[in-house]
Amino acid sequence: MALSKRQEGRLRAMNQRLYPGKLRVLKSGSIQLDYRREGKVIRKVLGEESALEEAYERALLLRREADSMPLITERKMSLADFYRQWSLAHYPELELKTVDSYQYNWSKLPDWVKELDLGAITKKKAEEAVNEVTTNGARKNTGIFLALLLNAAVQAGIIVKNPYKPSYKKQKKVVPVFTPDQIEALCKAVTDSARPAVALAVYSGLRKGEVMALTAGDIDLESRLIYIRKRRIKIYGEEGVDEVLDGTKTGAPRVVPLPMDAIQFIEPAIKGKKKSEPLYKVWRQDLYHRLKTACTRLDLPRVGMHDLRHICASRLMMTGGPALAQAILGHQDISTTVDTYGHLTPAYLASQMELAFLKQETIDKARLLSTELSESDDEQVRELARLTEQLCDYLKVRKETGLNGAGAH
């Protein structure tokens, strides 16, 4: 379809402003920008005939990017105006907790950057705005959110390129890995009301929101299984939210085993309760302080509820490998399990090094020694021989199958 006389006149006016660039209509009906200057070449299809004005706006932005010239697009919009439009379109589709986080990050941005036209936000101005945020954690999250908004503006065709891409390298959290004895002592040291939540987090790797959403019927002590069907979210503030939602964080419900040692800490909490009765009627914000007190009493490093999930994952990884830990924790991507939750202790790494270089000759010598000791008159020596024989069998299987604990397949 040919351009009307009015459109042709408008196109000529556009090209005068775009010079030495030029918009032209292809035979296919698409509008293309051709621009060459000082070795810089742009040739890009920007839209169809029916979207001539939008193509022109994008062409202006492309010229500005190429020449670093302060050309002004006719489609101005401040960051604040764009945020209002974007939030109205996207917030209804997002989790309440995500919306709360985004709103908090937006509130941390200084007002002066919110009033800037999107096209006027440079990398330097974005960095200055983010650096005004006082705390490190809030600064990082606010920067990520600002980049998210600018990316959305690119997708909406308001700006051509996102000038601000924060390069945050996610650092692995340092979490102490407790021994089974320390885990048991910790569960005993916390208060009675906090004990079931602590046990479920450290023995089965449940998230706090999953623990808070459990009912008595979700915990089958006879089969030692936990049915995780829902999650609970808590948002504080004037418009606070305490709500139980269907599904887990990753969407699908899952079934998690409960170790035998954990039953003693959970059974008293559900005994006599109806299946529909919640394990916790109210959200327990005090669990961190309960854990802190217990850790101080036991002279253990301080940990929070989510740290207990890390401890569970690490112990699973050191005994059954990352695939087991991924299945229990419900991660969609195994790299999350390994990169974020895999805290392997020095003692474990040392033992795996020894196993990696253990000679078959050494195992054979130990087996021969166990045979000789099994004929001893001392009952304790015979027991030692029996255990040594079992250990030799175990090491043989490990070497023959190529298993190595953290890398079991």
# chains A, B, ... in the order shown; residues from 1 in each chain; ligands from 1
$ select_by_dssp --residues "region 9-228 of chain A" --states "strand (DSSP E)" --output "JSON, numbers by chain"
{"A": [22, 23, 24, 25, 30, 31, 32, 33, 34, 35, 36, 37, 40, 41, 42, 43, 44, 45, 46, 47, 48, 219, 220, 225, 226, 227, 228]}
$ write_last_selection --atoms "C-alpha atoms" --output "CSV table (one decimal), in the first residue's frame"
chain,number,residue,atom,x,y,z
A,22,LYS,CA,16.9,8.2,6.0
A,23,LEU,CA,13.6,6.3,6.5
A,24,ARG,CA,12.4,4.6,3.4
A,25,VAL,CA,9.4,2.3,2.7
A,30,SER,CA,8.1,-2.2,6.0
A,31,ILE,CA,9.8,1.0,7.1
A,32,GLN,CA,13.6,0.8,7.2
A,33,LEU,CA,16.2,3.2,8.6
A,34,ASP,CA,19.4,3.6,6.6
A,35,TYR,CA,22.1,5.5,8.4
A,36,ARG,CA,25.8,5.9,7.7
A,37,ARG,CA,28.2,8.3,9.3
A,40,LYS,CA,28.8,3.9,11.8
A,41,VAL,CA,26.2,1.9,9.9
A,42,ILE,CA,22.6,1.3,10.9
A,43,ARG,CA,20.2,-0.6,8.7
A,44,LYS,CA,17.1,-1.7,10.6
A,45,VAL,CA,13.5,-2.4,9.9
A,46,LEU,CA,11.5,-0.4,12.4
A,47,GLY,CA,7.8,-1.1,11.6
A,48,GLU,CA,5.1,-1.1,9.0
A,219,ILE,CA,2.3,-34.8,58.2
A,220,ASP,CA,2.1,-38.6,58.1
A,225,LEU,CA,6.1,-38.3,54.8
A,226,ILE,CA,5.3,-34.6,54.6
A,227,TYR,CA,2.8,-33.5,51.9
A,228,ILE,CA,3.7,-29.9,50.8
$ residues_around --residues "region 312-327 of chain A" --least-positions-apart "3" --cutoff "10 Å" --atoms "only C-alpha atoms" --output "ChimeraX atom specification"
/A:175-180,183,200-206,254-256,307-309,330-338,340-345,348-349,352,403-409
$ write_last_selection --atoms "N, CA and C atoms" --output "tab-separated table (two decimals), in the first residue's frame"
chain	number	residue	atom	x	y	z
A	175	VAL	N	27.26	-20.51	55.26
A	175	VAL	CA	26.38	-21.17	56.23
A	175	VAL	C	27.15	-22.29	56.91
A	176	PRO	N	27.16	-22.33	58.25
A	176	PRO	CA	27.82	-23.45	58.94
A	176	PRO	C	27.02	-24.73	58.75
A	177	VAL	N	27.70	-25.84	58.62
A	177	VAL	CA	27.02	-27.13	58.47
A	177	VAL	C	27.13	-27.89	59.79
A	178	PHE	N	26.01	-28.06	60.46
A	178	PHE	CA	26.02	-28.73	61.75
A	178	PHE	C	26.09	-30.24	61.59
A	179	THR	N	26.66	-30.89	62.58
A	179	THR	CA	26.69	-32.35	62.63
A	179	THR	C	25.32	-32.85	63.08
A	180	PRO	N	25.03	-34.14	62.86
A	180	PRO	CA	23.75	-34.68	63.35
A	180	PRO	C	23.54	-34.45	64.84
A	183	ILE	N	22.57	-30.85	65.35
A	183	ILE	CA	21.19	-30.62	64.89
A	183	ILE	C	20.19	-31.08	65.95
A	200	LEU	N	11.41	-29.39	61.07
A	200	LEU	CA	10.98	-29.55	59.68
A	200	LEU	C	11.93	-28.86	58.71
A	201	ALA	N	12.49	-27.73	59.12
A	201	ALA	CA	13.41	-26.98	58.25
A	201	ALA	C	14.76	-27.67	58.14
A	202	VAL	N	15.30	-28.17	59.27
A	202	VAL	CA	16.67	-28.70	59.26
A	202	VAL	C	16.72	-30.17	58.85
A	203	TYR	N	15.66	-30.93	59.13
A	203	TYR	CA	15.67	-32.35	58.79
A	203	TYR	C	15.10	-32.63	57.40
A	204	SER	N	14.16	-31.81	56.93
A	204	SER	CA	13.52	-32.06	55.63
A	204	SER	C	13.65	-30.91	54.65
A	205	GLY	N	14.31	-29.81	55.06
A	205	GLY	CA	14.60	-28.72	54.14
A	205	GLY	C	13.42	-27.87	53.73
A	206	LEU	N	12.37	-27.82	54.55
A	206	LEU	CA	11.20	-27.02	54.20
A	206	LEU	C	11.48	-25.53	54.33
A	254	ARG	N	4.81	-31.26	46.41
A	254	ARG	CA	5.81	-32.32	46.50
A	254	ARG	C	5.66	-33.07	47.81
A	255	VAL	N	6.23	-34.27	47.83
A	255	VAL	CA	6.22	-35.12	49.02
A	255	VAL	C	7.65	-35.27	49.50
A	256	VAL	N	7.88	-34.97	50.78
A	256	VAL	CA	9.23	-34.98	51.33
A	256	VAL	C	9.30	-35.98	52.48
A	307	ASP	N	18.66	-20.71	56.83
A	307	ASP	CA	19.97	-21.36	56.96
A	307	ASP	C	19.80	-22.85	57.26
A	308	LEU	N	18.75	-23.20	57.99
A	308	LEU	CA	18.49	-24.61	58.30
A	308	LEU	C	18.22	-25.40	57.02
A	309	ARG	N	17.57	-24.77	56.06
A	309	ARG	CA	17.34	-25.41	54.75
A	309	ARG	C	18.67	-25.64	54.05
A	330	GLY	N	13.14	-29.48	46.17
A	330	GLY	CA	12.16	-29.07	45.17
A	330	GLY	C	12.66	-28.03	44.20
A	331	HIS	N	13.97	-28.00	43.96
A	331	HIS	CA	14.53	-27.04	43.00
A	331	HIS	C	14.25	-27.49	41.57
A	332	GLN	N	13.92	-26.55	40.70
A	332	GLN	CA	13.72	-26.88	39.29
A	332	GLN	C	15.06	-27.08	38.58
A	333	ASP	N	16.06	-26.33	38.99
A	333	ASP	CA	17.37	-26.36	38.35
A	333	ASP	C	18.40	-26.89	39.35
A	334	ILE	N	19.12	-27.94	38.98
A	334	ILE	CA	20.08	-28.53	39.91
A	334	ILE	C	21.25	-27.59	40.19
A	335	SER	N	21.49	-26.62	39.30
A	335	SER	CA	22.57	-25.67	39.54
A	335	SER	C	22.26	-24.81	40.77
A	336	THR	N	20.99	-24.56	41.05
A	336	THR	CA	20.61	-23.83	42.27
A	336	THR	C	21.01	-24.64	43.49
A	337	THR	N	20.76	-25.94	43.44
A	337	THR	CA	21.10	-26.81	44.56
A	337	THR	C	22.60	-26.81	44.80
A	338	VAL	N	23.37	-26.98	43.74
A	338	VAL	CA	24.83	-27.10	43.88
A	338	VAL	C	25.48	-25.75	44.19
A	340	THR	N	24.15	-22.76	45.16
A	340	THR	CA	23.65	-21.94	46.26
A	340	THR	C	23.60	-22.69	47.59
A	341	TYR	N	23.25	-23.97	47.55
A	341	TYR	CA	23.01	-24.71	48.79
A	341	TYR	C	24.10	-25.72	49.14
A	342	GLY	N	25.08	-25.89	48.27
A	342	GLY	CA	26.11	-26.90	48.53
A	342	GLY	C	27.24	-26.37	49.39
A	343	HIS	N	27.14	-26.53	50.70
A	343	HIS	CA	28.20	-26.10	51.61
A	343	HIS	C	28.89	-27.38	52.14
A	344	LEU	N	29.99	-27.74	51.53
A	344	LEU	CA	30.67	-28.99	51.88
A	344	LEU	C	31.75	-28.70	52.92
A	345	THR	N	31.74	-29.48	53.99
A	345	THR	CA	32.66	-29.23	55.10
A	345	THR	C	34.07	-29.69	54.75
A	348	TYR	N	34.56	-33.39	55.27
A	348	TYR	CA	33.97	-34.20	54.21
A	348	TYR	C	34.87	-34.19	52.97
A	349	LEU	N	35.36	-33.02	52.60
A	349	LEU	CA	36.24	-32.93	51.43
A	349	LEU	C	37.51	-33.75	51.63
A	352	GLN	N	36.73	-37.40	51.15
A	352	GLN	CA	36.54	-37.74	49.74
A	352	GLN	C	37.87	-37.77	48.99
A	403	LEU	N	31.24	-44.00	42.55
A	403	LEU	CA	30.53	-43.02	43.34
A	403	LEU	C	31.49	-42.27	44.23
A	404	ASN	N	31.18	-40.98	44.46
A	404	ASN	CA	32.06	-40.20	45.33
A	404	ASN	C	31.27	-39.20	46.17
A	405	GLY	N	30.17	-39.65	46.71
A	405	GLY	CA	29.42	-38.81	47.64
A	405	GLY	C	28.75	-37.64	46.97
A	406	ALA	N	29.44	-36.50	46.87
A	406	ALA	CA	28.84	-35.27	46.33
A	406	ALA	C	28.56	-35.38	44.85
A	407	GLY	N	29.20	-36.33	44.17
A	407	GLY	CA	28.98	-36.42	42.72
A	407	GLY	C	28.27	-37.70	42.34
A	408	ALA	N	27.50	-38.26	43.24
A	408	ALA	CA	26.82	-39.52	42.95
A	408	ALA	C	25.81	-39.33	41.84
A	409	HIS	N	25.73	-40.33	40.97
A	409	HIS	CA	24.79	-40.25	39.85
A	409	HIS	C	23.81	-41.42	39.91
$ atom_distance --atom1 "CA of Leu395 (chain A)" --atom2 "CA of Ser370 (chain A)"
14.3 Å
$ closest_residue --among "A:Lys359, A:Leu60, A:Thr122, A:Lys97" --to "Val241 (chain A)" --atoms "only C-alpha atoms"
A:Lys97
$ closest_residue --among "A:Leu61, A:Leu88, A:Ile263, A:Ala189" --to "Arg224 (chain A)" --atoms "only C-alpha atoms"
A:Ile263
$ residues_around --residues "Tyr164 (chain A)" --least-positions-apart "2" --cutoff "8 Å" --atoms "only C-alpha atoms" --output "PyMOL selection string"
chain A and resi 122-123+126-127+147+150+162+166
$ atom_distance --atom1 "CA of Tyr83 (chain A)" --atom2 "CA of Thr98 (chain A)"
15.3 Å
$ select_by_dssp --residues "region 121-273 of chain A" --states "alpha helix (DSSP H)" --output "ChimeraX atom specification"
/A:123-131,136-155,180-189,195-204,208-213,260-270
$ residues_around --residues "Thr248 (chain A)" --least-positions-apart "5" --cutoff "8 Å" --atoms "only C-alpha atoms" --output "list in words"
Glu210, Ile228, Arg229, Lys230, Arg231, Pro253 and Arg254 of chain A
$ write_last_selection --atoms "C-alpha atoms" --output "PDB file, in the first residue's frame"
ATOM      1  CA  GLU A 210       5.837 -24.093  53.661  1.00  0.00           C
ATOM      2  CA  ILE A 228       3.655 -29.928  50.835  1.00  0.00           C
ATOM      3  CA  ARG A 229       0.634 -28.593  48.981  1.00  0.00           C
ATOM      4  CA  LYS A 230       0.546 -24.929  49.978  1.00  0.00           C
ATOM      5  CA  ARG A 231       2.696 -21.997  51.004  1.00  0.00           C
ATOM      6  CA  PRO A 253       3.209 -29.868  45.224  1.00  0.00           C
ATOM      7  CA  ARG A 254       5.814 -32.319  46.499  1.00  0.00           C
TER       8      ARG A 254
END
$ residues_around --residues "Gln390 (chain A)" --least-positions-apart "6" --cutoff "12 Å" --atoms "only C-alpha atoms" --output "CSV table (one decimal) with all heavy atoms, in the first residue's frame"
chain,number,residue,atom,x,y,z
A,363,ILE,N,42.5,-51.8,50.7
A,363,ILE,CA,41.2,-52.4,51.1
A,363,ILE,C,41.4,-53.9,51.3
A,363,ILE,O,40.9,-54.5,52.3
A,363,ILE,CB,40.2,-52.2,50.0
A,363,ILE,CG1,39.9,-50.7,49.9
A,363,ILE,CG2,38.9,-52.9,50.4
A,363,ILE,CD1,38.9,-50.3,48.7
A,366,ALA,N,43.1,-54.5,54.7
A,366,ALA,CA,42.1,-54.3,55.8
A,366,ALA,C,41.2,-55.5,55.9
A,366,ALA,O,40.8,-56.0,57.0
A,366,ALA,CB,41.3,-53.1,55.6
A,367,ARG,N,40.8,-56.1,54.7
A,367,ARG,CA,39.9,-57.3,54.7
A,367,ARG,C,40.6,-58.5,55.3
A,367,ARG,O,40.0,-59.3,56.1
A,367,ARG,CB,39.4,-57.6,53.3
A,367,ARG,CG,38.3,-58.6,53.3
A,367,ARG,CD,37.9,-58.9,51.8
A,367,ARG,NE,37.4,-57.7,51.1
A,367,ARG,CZ,36.1,-57.3,51.3
A,367,ARG,NH1,35.3,-58.0,52.1
A,367,ARG,NH2,35.7,-56.3,50.6
A,370,SER,N,40.7,-58.1,59.0
A,370,SER,CA,39.4,-58.3,59.7
A,370,SER,C,39.2,-59.8,59.8
A,370,SER,O,38.6,-60.3,60.8
A,370,SER,CB,38.3,-57.7,58.9
A,370,SER,OG,38.1,-58.3,57.6
A,371,THR,N,39.6,-60.6,58.8
A,371,THR,CA,39.5,-62.1,58.9
A,371,THR,C,40.3,-62.6,60.1
A,371,THR,O,39.8,-63.5,60.8
A,371,THR,CB,40.0,-62.7,57.6
A,371,THR,OG1,39.2,-62.1,56.5
A,371,THR,CG2,39.8,-64.2,57.6
A,383,GLU,N,33.8,-57.8,67.2
A,383,GLU,CA,32.8,-56.8,66.7
A,383,GLU,C,33.6,-55.8,65.8
A,383,GLU,O,33.1,-55.4,64.7
A,383,GLU,CB,32.2,-56.1,67.9
A,383,GLU,CG,31.3,-54.9,67.5
A,383,GLU,CD,30.0,-55.3,66.7
A,383,GLU,OE1,29.8,-56.5,66.7
A,383,GLU,OE2,29.4,-54.4,66.1
A,384,LEU,N,34.8,-55.4,66.2
A,384,LEU,CA,35.6,-54.6,65.3
A,384,LEU,C,35.9,-55.2,64.0
A,384,LEU,O,35.9,-54.5,62.9
A,384,LEU,CB,36.9,-54.2,66.1
A,384,LEU,CG,37.9,-53.4,65.3
A,384,LEU,CD1,37.3,-52.0,64.9
A,384,LEU,CD2,39.2,-53.2,66.1
A,396,LYS,N,34.5,-51.1,48.5
A,396,LYS,CA,34.6,-51.8,47.3
A,396,LYS,C,33.6,-51.4,46.3
A,396,LYS,O,33.8,-51.1,45.1
A,396,LYS,CB,34.5,-53.3,47.5
A,396,LYS,CG,34.6,-54.2,46.3
A,396,LYS,CD,34.4,-55.6,46.6
A,396,LYS,CE,34.4,-56.4,45.2
A,396,LYS,NZ,34.1,-57.8,45.4
A,397,VAL,N,32.3,-51.3,46.8
A,397,VAL,CA,31.2,-50.9,46.0
A,397,VAL,C,31.4,-49.4,45.5
A,397,VAL,O,31.2,-49.1,44.3
A,397,VAL,CB,29.9,-51.0,46.7
A,397,VAL,CG1,28.7,-50.3,46.0
A,397,VAL,CG2,29.6,-52.4,47.0
$ closest_residue --among "A:Val190, A:Leu291, A:Val198, A:Leu329" --to "Lys249 (chain A)" --atoms "only C-alpha atoms"
A:Leu329
$ closest_residue --among "A:Arg382, A:Lys234, A:Lys5, A:Lys188" --to "Asp100 (chain A)" --atoms "only C-alpha atoms"
A:Lys234
$ closest_residue --among "A:Ile158, A:Ala216, A:Ala194, A:Ala350" --to "Tyr288 (chain A)" --atoms "only C-alpha atoms"
A:Ala194
